[in-house]
Amino acid sequence: MITVTVEKRYGAGGATTIRARITAPTIEHAVELAGPNSRVVFPIDANAFFAPASNPGEGIDYGAMTPEGIENAYEAGLPGAYEAWVDHLKDDLGADGFELYAYQNALV
């Protein structure tokens, strides 16, 4: 498994850019996981290239992302981003706060 940073652009002229670390068997597969309009960010980080992912089943290391990055990944529709975003909300809001938020925003 390898880990690379992949960049994905959205909107007119690539106005919005999301970067995520993705772990996959190959660089090509990492780009496929990120979806259309994505590319590998160079130079590749040599220290992280052969590092294991925190979420190897998903391919994207959401544990290494900021809360804003997780939210952006969710809005961009990256694989596994919804689950990571909900986990972040649960941690941030606490059990009672998340339950109220989920009810008000039809998450459950």
# chains A, B, ... in the order shown; residues from 1 in each chain; ligands from 1
$ residues_around --residues "segment 8-21 of chain A" --least-positions-apart "2" --cutoff "12 Å" --atoms "only C-alpha atoms" --output "count of residues only"
54
$ select_by_dssp --residues "chain A" --states "helix (DSSP H, G or I)" --output "PDB file with N, CA and C atoms, in the first residue's frame"
ATOM      1  N   ALA A  12     -16.335  26.417 -11.436  1.00  0.00           N
ATOM      2  CA  ALA A  12     -15.828  27.089 -12.631  1.00  0.00           C
ATOM      3  C   ALA A  12     -14.359  27.428 -12.452  1.00  0.00           C
ATOM      4  N   GLY A  13     -13.531  26.927 -13.338  1.00  0.00           N
ATOM      5  CA  GLY A  13     -12.111  27.226 -13.289  1.00  0.00           C
ATOM      6  C   GLY A  13     -11.393  26.628 -12.091  1.00  0.00           C
ATOM      7  N   GLY A  14     -12.003  25.615 -11.452  1.00  0.00           N
ATOM      8  CA  GLY A  14     -11.361  24.992 -10.287  1.00  0.00           C
ATOM      9  C   GLY A  14     -11.334  25.902  -9.083  1.00  0.00           C
ATOM     10  N   ILE A  27      -0.736   4.180  -7.232  1.00  0.00           N
ATOM     11  CA  ILE A  27      -1.051   5.604  -7.406  1.00  0.00           C
ATOM     12  C   ILE A  27      -2.298   5.753  -8.273  1.00  0.00           C
ATOM     13  N   GLU A  28      -2.404   4.954  -9.317  1.00  0.00           N
ATOM     14  CA  GLU A  28      -3.573   5.019 -10.207  1.00  0.00           C
ATOM     15  C   GLU A  28      -4.861   4.741  -9.440  1.00  0.00           C
ATOM     16  N   HIS A  29      -4.820   3.750  -8.543  1.00  0.00           N
ATOM     17  CA  HIS A  29      -6.014   3.425  -7.769  1.00  0.00           C
ATOM     18  C   HIS A  29      -6.356   4.559  -6.799  1.00  0.00           C
ATOM     19  N   ALA A  30      -5.354   5.221  -6.252  1.00  0.00           N
ATOM     20  CA  ALA A  30      -5.589   6.363  -5.359  1.00  0.00           C
ATOM     21  C   ALA A  30      -6.331   7.477  -6.103  1.00  0.00           C
ATOM     22  N   VAL A  31      -5.929   7.724  -7.330  1.00  0.00           N
ATOM     23  CA  VAL A  31      -6.591   8.754  -8.143  1.00  0.00           C
ATOM     24  C   VAL A  31      -8.020   8.316  -8.473  1.00  0.00           C
ATOM     25  N   GLU A  32      -8.223   7.032  -8.753  1.00  0.00           N
ATOM     26  CA  GLU A  32      -9.572   6.525  -9.016  1.00  0.00           C
ATOM     27  C   GLU A  32     -10.474   6.709  -7.789  1.00  0.00           C
ATOM     28  N   LEU A  33      -9.921   6.453  -6.593  1.00  0.00           N
ATOM     29  CA  LEU A  33     -10.700   6.628  -5.368  1.00  0.00           C
ATOM     30  C   LEU A  33     -11.143   8.080  -5.181  1.00  0.00           C
ATOM     31  N   ALA A  34     -10.272   9.005  -5.554  1.00  0.00           N
ATOM     32  CA  ALA A  34     -10.600  10.428  -5.409  1.00  0.00           C
ATOM     33  C   ALA A  34     -11.674  10.852  -6.395  1.00  0.00           C
ATOM     34  N   ALA A  46       7.955  11.519   0.728  1.00  0.00           N
ATOM     35  CA  ALA A  46       8.678  10.249   0.843  1.00  0.00           C
ATOM     36  C   ALA A  46       8.445   9.575   2.192  1.00  0.00           C
ATOM     37  N   ASN A  47       8.261  10.357   3.256  1.00  0.00           N
ATOM     38  CA  ASN A  47       8.054   9.778   4.583  1.00  0.00           C
ATOM     39  C   ASN A  47       6.691   9.118   4.727  1.00  0.00           C
ATOM     40  N   ALA A  48       5.692   9.593   3.989  1.00  0.00           N
ATOM     41  CA  ALA A  48       4.340   9.046   4.100  1.00  0.00           C
ATOM     42  C   ALA A  48       4.019   8.032   3.010  1.00  0.00           C
ATOM     43  N   PHE A  49       4.858   7.935   1.991  1.00  0.00           N
ATOM     44  CA  PHE A  49       4.523   7.124   0.816  1.00  0.00           C
ATOM     45  C   PHE A  49       4.206   5.674   1.175  1.00  0.00           C
ATOM     46  N   TYR A  62      -8.775  10.236   6.783  1.00  0.00           N
ATOM     47  CA  TYR A  62      -9.513  11.361   7.354  1.00  0.00           C
ATOM     48  C   TYR A  62      -8.965  11.761   8.714  1.00  0.00           C
ATOM     49  N   GLY A  63      -8.272  10.844   9.385  1.00  0.00           N
ATOM     50  CA  GLY A  63      -7.679  11.159  10.675  1.00  0.00           C
ATOM     51  C   GLY A  63      -6.602  12.222  10.579  1.00  0.00           C
ATOM     52  N   ALA A  64      -5.998  12.370   9.406  1.00  0.00           N
ATOM     53  CA  ALA A  64      -4.941  13.365   9.208  1.00  0.00           C
ATOM     54  C   ALA A  64      -5.498  14.699   8.707  1.00  0.00           C
ATOM     55  N   PRO A  67     -10.879  19.451  10.622  1.00  0.00           N
ATOM     56  CA  PRO A  67     -12.343  19.388  10.547  1.00  0.00           C
ATOM     57  C   PRO A  67     -12.884  20.069   9.283  1.00  0.00           C
ATOM     58  N   GLU A  68     -12.284  21.185   8.893  1.00  0.00           N
ATOM     59  CA  GLU A  68     -12.720  21.867   7.670  1.00  0.00           C
ATOM     60  C   GLU A  68     -12.463  20.990   6.440  1.00  0.00           C
ATOM     61  N   GLY A  69     -11.334  20.306   6.425  1.00  0.00           N
ATOM     62  CA  GLY A  69     -11.018  19.406   5.321  1.00  0.00           C
ATOM     63  C   GLY A  69     -11.995  18.251   5.228  1.00  0.00           C
ATOM     64  N   ILE A  70     -12.391  17.708   6.388  1.00  0.00           N
ATOM     65  CA  ILE A  70     -13.382  16.625   6.400  1.00  0.00           C
ATOM     66  C   ILE A  70     -14.712  17.127   5.865  1.00  0.00           C
ATOM     67  N   GLU A  71     -15.119  18.316   6.285  1.00  0.00           N
ATOM     68  CA  GLU A  71     -16.384  18.880   5.799  1.00  0.00           C
ATOM     69  C   GLU A  71     -16.319  19.129   4.299  1.00  0.00           C
ATOM     70  N   ASN A  72     -15.206  19.652   3.821  1.00  0.00           N
ATOM     71  CA  ASN A  72     -15.051  19.879   2.382  1.00  0.00           C
ATOM     72  C   ASN A  72     -15.062  18.570   1.612  1.00  0.00           C
ATOM     73  N   ALA A  73     -14.422  17.546   2.157  1.00  0.00           N
ATOM     74  CA  ALA A  73     -14.419  16.232   1.506  1.00  0.00           C
ATOM     75  C   ALA A  73     -15.839  15.670   1.446  1.00  0.00           C
ATOM     76  N   TYR A  74     -16.611  15.872   2.519  1.00  0.00           N
ATOM     77  CA  TYR A  74     -18.007  15.430   2.544  1.00  0.00           C
ATOM     78  C   TYR A  74     -18.814  16.161   1.473  1.00  0.00           C
ATOM     79  N   GLU A  75     -18.652  17.475   1.413  1.00  0.00           N
ATOM     80  CA  GLU A  75     -19.386  18.262   0.414  1.00  0.00           C
ATOM     81  C   GLU A  75     -18.980  17.894  -1.008  1.00  0.00           C
ATOM     82  N   ALA A  76     -17.732  17.447  -1.175  1.00  0.00           N
ATOM     83  CA  ALA A  76     -17.250  17.050  -2.496  1.00  0.00           C
ATOM     84  C   ALA A  76     -17.661  15.626  -2.849  1.00  0.00           C
ATOM     85  N   ALA A  81     -16.333  10.017   3.264  1.00  0.00           N
ATOM     86  CA  ALA A  81     -16.329  11.341   3.887  1.00  0.00           C
ATOM     87  C   ALA A  81     -17.550  11.565   4.784  1.00  0.00           C
ATOM     88  N   TYR A  82     -18.698  11.019   4.402  1.00  0.00           N
ATOM     89  CA  TYR A  82     -19.902  11.215   5.216  1.00  0.00           C
ATOM     90  C   TYR A  82     -19.701  10.628   6.609  1.00  0.00           C
ATOM     91  N   GLU A  83     -19.176   9.390   6.669  1.00  0.00           N
ATOM     92  CA  GLU A  83     -18.951   8.738   7.947  1.00  0.00           C
ATOM     93  C   GLU A  83     -17.939   9.516   8.792  1.00  0.00           C
ATOM     94  N   ALA A  84     -16.869   9.998   8.145  1.00  0.00           N
ATOM     95  CA  ALA A  84     -15.849  10.780   8.867  1.00  0.00           C
ATOM     96  C   ALA A  84     -16.437  12.093   9.370  1.00  0.00           C
ATOM     97  N   TRP A  85     -17.297  12.717   8.579  1.00  0.00           N
ATOM     98  CA  TRP A  85     -17.931  13.982   8.960  1.00  0.00           C
ATOM     99  C   TRP A  85     -18.870  13.764  10.158  1.00  0.00           C
ATOM    100  N   VAL A  86     -19.657  12.690  10.122  1.00  0.00           N
ATOM    101  CA  VAL A  86     -20.563  12.387  11.234  1.00  0.00           C
ATOM    102  C   VAL A  86     -19.755  12.076  12.496  1.00  0.00           C
ATOM    103  N   ASP A  87     -18.676  11.309  12.362  1.00  0.00           N
ATOM    104  CA  ASP A  87     -17.823  11.022  13.524  1.00  0.00           C
ATOM    105  C   ASP A  87     -17.250  12.306  14.115  1.00  0.00           C
ATOM    106  N   HIS A  88     -16.830  13.228  13.249  1.00  0.00           N
ATOM    107  CA  HIS A  88     -16.318  14.518  13.733  1.00  0.00           C
ATOM    108  C   HIS A  88     -17.410  15.283  14.485  1.00  0.00           C
ATOM    109  N   LEU A  89     -18.624  15.306  13.926  1.00  0.00           N
ATOM    110  CA  LEU A  89     -19.729  16.003  14.593  1.00  0.00           C
ATOM    111  C   LEU A  89     -20.014  15.398  15.969  1.00  0.00           C
ATOM    112  N   LYS A  90     -20.007  14.070  16.047  1.00  0.00           N
ATOM    113  CA  LYS A  90     -20.255  13.405  17.331  1.00  0.00           C
ATOM    114  C   LYS A  90     -19.202  13.801  18.359  1.00  0.00           C
ATOM    115  N   ASP A  91     -17.941  13.821  17.937  1.00  0.00           N
ATOM    116  CA  ASP A  91     -16.860  14.206  18.842  1.00  0.00           C
ATOM    117  C   ASP A  91     -16.976  15.671  19.246  1.00  0.00           C
ATOM    118  N   ASP A  92     -17.322  16.521  18.296  1.00  0.00           N
ATOM    119  CA  ASP A  92     -17.362  17.960  18.522  1.00  0.00           C
ATOM    120  C   ASP A  92     -18.570  18.381  19.368  1.00  0.00           C
ATOM    121  N   LEU A  93     -19.734  17.796  19.101  1.00  0.00           N
ATOM    122  CA  LEU A  93     -20.965  18.224  19.754  1.00  0.00           C
ATOM    123  C   LEU A  93     -21.301  17.429  21.014  1.00  0.00           C
ATOM    124  N   GLY A  94     -20.701  16.275  21.198  1.00  0.00           N
ATOM    125  CA  GLY A  94     -21.075  15.403  22.308  1.00  0.00           C
ATOM    126  C   GLY A  94     -22.338  14.643  21.960  1.00  0.00           C
ATOM    127  N   ALA A  95     -22.688  13.652  22.755  1.00  0.00           N
ATOM    128  CA  ALA A  95     -23.823  12.775  22.448  1.00  0.00           C
ATOM    129  C   ALA A  95     -25.147  13.535  22.366  1.00  0.00           C
ATOM    130  N   ASP A  96     -25.438  14.358  23.376  1.00  0.00           N
ATOM    131  CA  ASP A  96     -26.716  15.081  23.387  1.00  0.00           C
ATOM    132  C   ASP A  96     -26.772  16.130  22.288  1.00  0.00           C
ATOM    133  N   GLY A  97     -25.682  16.858  22.106  1.00  0.00           N
ATOM    134  CA  GLY A  97     -25.639  17.883  21.065  1.00  0.00           C
ATOM    135  C   GLY A  97     -25.768  17.290  19.676  1.00  0.00           C
ATOM    136  N   PHE A  98     -25.115  16.134  19.461  1.00  0.00           N
ATOM    137  CA  PHE A  98     -25.221  15.489  18.153  1.00  0.00           C
ATOM    138  C   PHE A  98     -26.636  14.990  17.904  1.00  0.00           C
ATOM    139  N   GLU A  99     -27.258  14.421  18.923  1.00  0.00           N
ATOM    140  CA  GLU A  99     -28.629  13.922  18.753  1.00  0.00           C
ATOM    141  C   GLU A  99     -29.567  15.052  18.345  1.00  0.00           C
ATOM    142  N   LEU A 100     -29.452  16.201  18.993  1.00  0.00           N
ATOM    143  CA  LEU A 100     -30.279  17.354  18.652  1.00  0.00           C
ATOM    144  C   LEU A 100     -29.977  17.837  17.240  1.00  0.00           C
ATOM    145  N   TYR A 101     -28.670  17.952  16.897  1.00  0.00           N
ATOM    146  CA  TYR A 101     -28.267  18.388  15.552  1.00  0.00           C
ATOM    147  C   TYR A 101     -28.797  17.431  14.492  1.00  0.00           C
ATOM    148  N   ALA A 102     -28.651  16.125  14.745  1.00  0.00           N
ATOM    149  CA  ALA A 102     -29.104  15.118  13.774  1.00  0.00           C
ATOM    150  C   ALA A 102     -30.608  15.196  13.578  1.00  0.00           C
ATOM    151  N   TYR A 103     -31.344  15.391  14.644  1.00  0.00           N
ATOM    152  CA  TYR A 103     -32.791  15.496  14.552  1.00  0.00           C
ATOM    153  C   TYR A 103     -33.196  16.745  13.756  1.00  0.00           C
ATOM    154  N   GLN A 104     -32.567  17.890  14.045  1.00  0.00           N
ATOM    155  CA  GLN A 104     -32.889  19.146  13.375  1.00  0.00           C
ATOM    156  C   GLN A 104     -32.488  19.143  11.910  1.00  0.00           C
TER     157      GLN A 104
END
$ select_by_dssp --residues "chain A" --states "strand (DSSP E)" --output "VMD selection string"
chain A and resid 2 to 10 16 to 24 38 to 40
